[in-house]
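To keep things clear, I will list the structure first and then write my remarks on it.
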Amino acid sequence: MQQRRPLICGNWKLHHSVAQSRCVIRQLQQLLPPTPMHIVVAPVAVALESSCRIANRSQAVAIAAQNVFYAPQGAFTGEWSALHLRELGCRFALVGHSERRHLFAESDTAVAQKARACLQQRITPIVCMGESLPQQQQGQTQAVLAAQLTPLLHALSPRQAAQLVVAYEPIWAIGSGQAAQPQLIQQIFTFVRQLIQQLQSSTVAQQLRLLYGGSVSPQSAAAFMQQPHVDGLLVGGASLQPHTFVDLVKQAHRGWLAATACRPQ
Ligand code: PGA
């Protein structure tokens, strides 16, 4: 069985102008060390075209969209499709970030349809899931994750599901400065892989990449990457400044290398 390739994705949200996005991508190309990890950044939609043009000149950093619509075309004012993303040279798309689920009412079904549309165009979807603080306090984390994952995994063929990237981002950890404990993430990911095995197969459960997101910093990156089930990180605030993000990538690489020998294959 092939080892899962680690992935670090910076989610820039509604930050950086188009010109700043270009500038930060150029800086990352100069500053990032060679690494077997996938390094990805997600600029605002209107910066995607120029960001892809610059990023695709080298292998250092790939571009993700922050959102995508599920239909390929039609009367959907304001949307763009996975077909457009492929045309631009975008290789990844965030799907179902908690801000989209809550501020823009994206349902689990819509998230599943978006992920499938991406995979049909050979765009890797990074599907986000996670529980709120009250849900966590009431012990509902596993039930929430099962409700979010089930329609997604039912919508995909085994081949498609194996290519998914799933990011667990507890809402209480996003932008709060209170990252989850790495050991808690290992426990939750053990449950998530078991669930994927039930809903799809053990092969899919072993191949699918799981990321953690929520207040990750250069200081905490290595500890997360040392957890055997953690294949990468989704990073908001700490991805905005190129030097901080590069530092975080280096720490993540260090943590991953330290744990590689004991990772399940
Ligand atoms: P944060 O954001 O790292 O600033 O908590 C993560 C995210 O929302 O993807």
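How things are named: the first chain in the structure tokens is A, the next is B, and so on; residues count from 1 in each chain; ligands count from 1 in the order shown.
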> Which residues come within 7 Å of Pro72 (chain A), counting only C-alpha atoms, excluding same-chain residues fewer than 5 positions away, as JSON, numbers by chain?
Replying inline: {"A": [81, 82, 83]}
Selection file, C-alpha atoms, as a PDB file, in the first residue's frame:
ATOM      1  CA  SER A  81     -17.754  25.181 -11.762  1.00  0.00           C
ATOM      2  CA  ALA A  82     -15.050  22.559 -11.397  1.00  0.00           C
ATOM      3  CA  LEU A  83     -14.693  22.794 -15.170  1.00  0.00           C
TER       4      LEU A  83
END
>> Could you list, as a ChimeraX atom specification, all residues that come within 8 Å of ligand 1? Count only C-alpha atoms and all ligand atoms.
In response: /A:10-11,13,97-99,169,173-177,179,213-217,234-239
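Closest approach to Thr35 (chain A) among A:Ile185, A:Leu85, A:Leu257, A:Cys90: A:Leu257, based on only C-alpha atoms.
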> Got a sec to tell me which of region 47-250 of chain A DSSP assigns to alpha helix (DSSP H), as a PyMOL selection string?
Replying inline: chain A and resi 48-55+82-88+98-103+108-120+133-137+141-154+158-163+182-199+202-207+221-225+242-250
Listing only residues of region 203-261 of chain A within 9 Å of region 21-26 of chain A, what is the closest atom pair and its distance in Å (to one decimal) for each, using only C-alpha atoms, sorted by chain and residue number ascending, as CSV?
residue,atom,partner,partner_atom,distance
A:Leu240,CA,A:Val24,CA,8.3
A:Gln241,CA,A:Val24,CA,7.8
A:Pro242,CA,A:Val24,CA,6.2
>> Need the shell around Gln142 (chain A): protein/DNA/RNA residues with any atom at most 12 Å away, counting only C-alpha atoms. Skip same-chain ones fewer than 6 positions apart. Format as a ChimeraX atom specification?
In response: /A:129-132,135-136,148-150,168,170,187-195
For the residues in that selection, give me N, CA, C and O atoms as a CSV table (one decimal), in the first residue's frame.
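The new file out_9.csv reads:
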chain,number,residue,atom,x,y,z
A,129,MET,N,-15.2,19.4,7.6
A,129,MET,CA,-16.3,19.0,8.5
A,129,MET,C,-15.8,19.3,10.0
A,129,MET,O,-14.6,19.5,10.2
A,130,GLY,N,-16.8,19.3,10.9
A,130,GLY,CA,-16.4,19.6,12.3
A,130,GLY,C,-17.7,20.1,13.0
A,130,GLY,O,-18.6,20.5,12.5
A,131,GLU,N,-17.6,19.9,14.4
A,131,GLU,CA,-18.7,20.2,15.2
A,131,GLU,C,-18.6,21.6,15.9
A,131,GLU,O,-17.4,22.1,16.0
A,132,SER,N,-19.7,22.1,16.3
A,132,SER,CA,-19.6,23.4,17.1
A,132,SER,C,-19.3,23.2,18.5
A,132,SER,O,-19.3,22.0,19.0
A,135,GLN,N,-22.2,21.4,20.4
A,135,GLN,CA,-22.2,20.0,20.0
A,135,GLN,C,-21.1,19.2,20.7
A,135,GLN,O,-21.3,18.1,21.2
A,136,GLN,N,-19.9,19.8,20.8
A,136,GLN,CA,-18.8,19.1,21.4
A,136,GLN,C,-19.1,18.9,22.9
A,136,GLN,O,-18.9,17.8,23.5
A,148,GLN,N,-22.1,14.2,8.6
A,148,GLN,CA,-21.5,15.0,7.6
A,148,GLN,C,-20.8,14.1,6.5
A,148,GLN,O,-20.8,14.4,5.4
A,149,LEU,N,-20.2,13.0,7.0
A,149,LEU,CA,-19.5,12.1,6.1
A,149,LEU,C,-20.4,11.1,5.3
A,149,LEU,O,-20.0,10.8,4.2
A,150,THR,N,-21.5,10.7,5.9
A,150,THR,CA,-22.3,9.6,5.3
A,150,THR,C,-22.8,10.0,3.9
A,150,THR,O,-22.5,9.3,2.9
A,168,TYR,N,-10.8,17.8,9.2
A,168,TYR,CA,-11.6,18.0,10.4
A,168,TYR,C,-11.2,19.3,11.0
A,168,TYR,O,-10.0,19.5,11.4
A,170,PRO,N,-12.8,21.5,14.0
A,170,PRO,CA,-13.8,21.8,15.0
A,170,PRO,C,-14.0,23.3,15.0
A,170,PRO,O,-13.1,24.1,15.0
A,187,GLN,N,-7.5,10.3,18.3
A,187,GLN,CA,-8.7,9.5,18.7
A,187,GLN,C,-9.8,9.7,17.7
A,187,GLN,O,-10.5,8.8,17.2
A,188,ILE,N,-10.1,11.0,17.4
A,188,ILE,CA,-11.2,11.3,16.5
A,188,ILE,C,-10.9,10.7,15.1
A,188,ILE,O,-11.8,10.1,14.4
A,189,PHE,N,-9.7,10.8,14.6
A,189,PHE,CA,-9.4,10.2,13.3
A,189,PHE,C,-9.4,8.7,13.3
A,189,PHE,O,-9.7,8.1,12.2
A,190,THR,N,-9.1,8.1,14.4
A,190,THR,CA,-9.3,6.6,14.5
A,190,THR,C,-10.8,6.3,14.2
A,190,THR,O,-11.1,5.4,13.4
A,191,PHE,N,-11.7,7.1,14.9
A,191,PHE,CA,-13.1,6.9,14.7
A,191,PHE,C,-13.5,7.1,13.2
A,191,PHE,O,-14.2,6.4,12.6
A,192,VAL,N,-12.9,8.2,12.6
A,192,VAL,CA,-13.3,8.6,11.2
A,192,VAL,C,-12.8,7.5,10.3
A,192,VAL,O,-13.6,7.1,9.4
A,193,ARG,N,-11.6,7.0,10.5
A,193,ARG,CA,-11.2,5.9,9.5
A,193,ARG,C,-12.0,4.7,9.7
A,193,ARG,O,-12.3,4.0,8.7
A,194,GLN,N,-12.5,4.4,10.9
A,194,GLN,CA,-13.4,3.2,11.1
A,194,GLN,C,-14.7,3.4,10.4
A,194,GLN,O,-15.2,2.5,9.7
A,195,LEU,N,-15.2,4.7,10.5
A,195,LEU,CA,-16.4,5.0,9.8
A,195,LEU,C,-16.3,4.9,8.3
A,195,LEU,O,-17.2,4.4,7.6
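Counting only C-alpha atoms and comparing A:Ala115, A:Leu164, A:Leu233, A:Leu153, the residue that lies closest to Val41 (chain A) is A:Leu233.
Across the structure, CA of Gln206 (chain A) and CA of Gln160 (chain A) are spaced 13.6 Å apart.
Reported to one decimal place, the separation of CA of Leu14 (chain A) from CA of Ala252 (chain A) is 24.7 Å.
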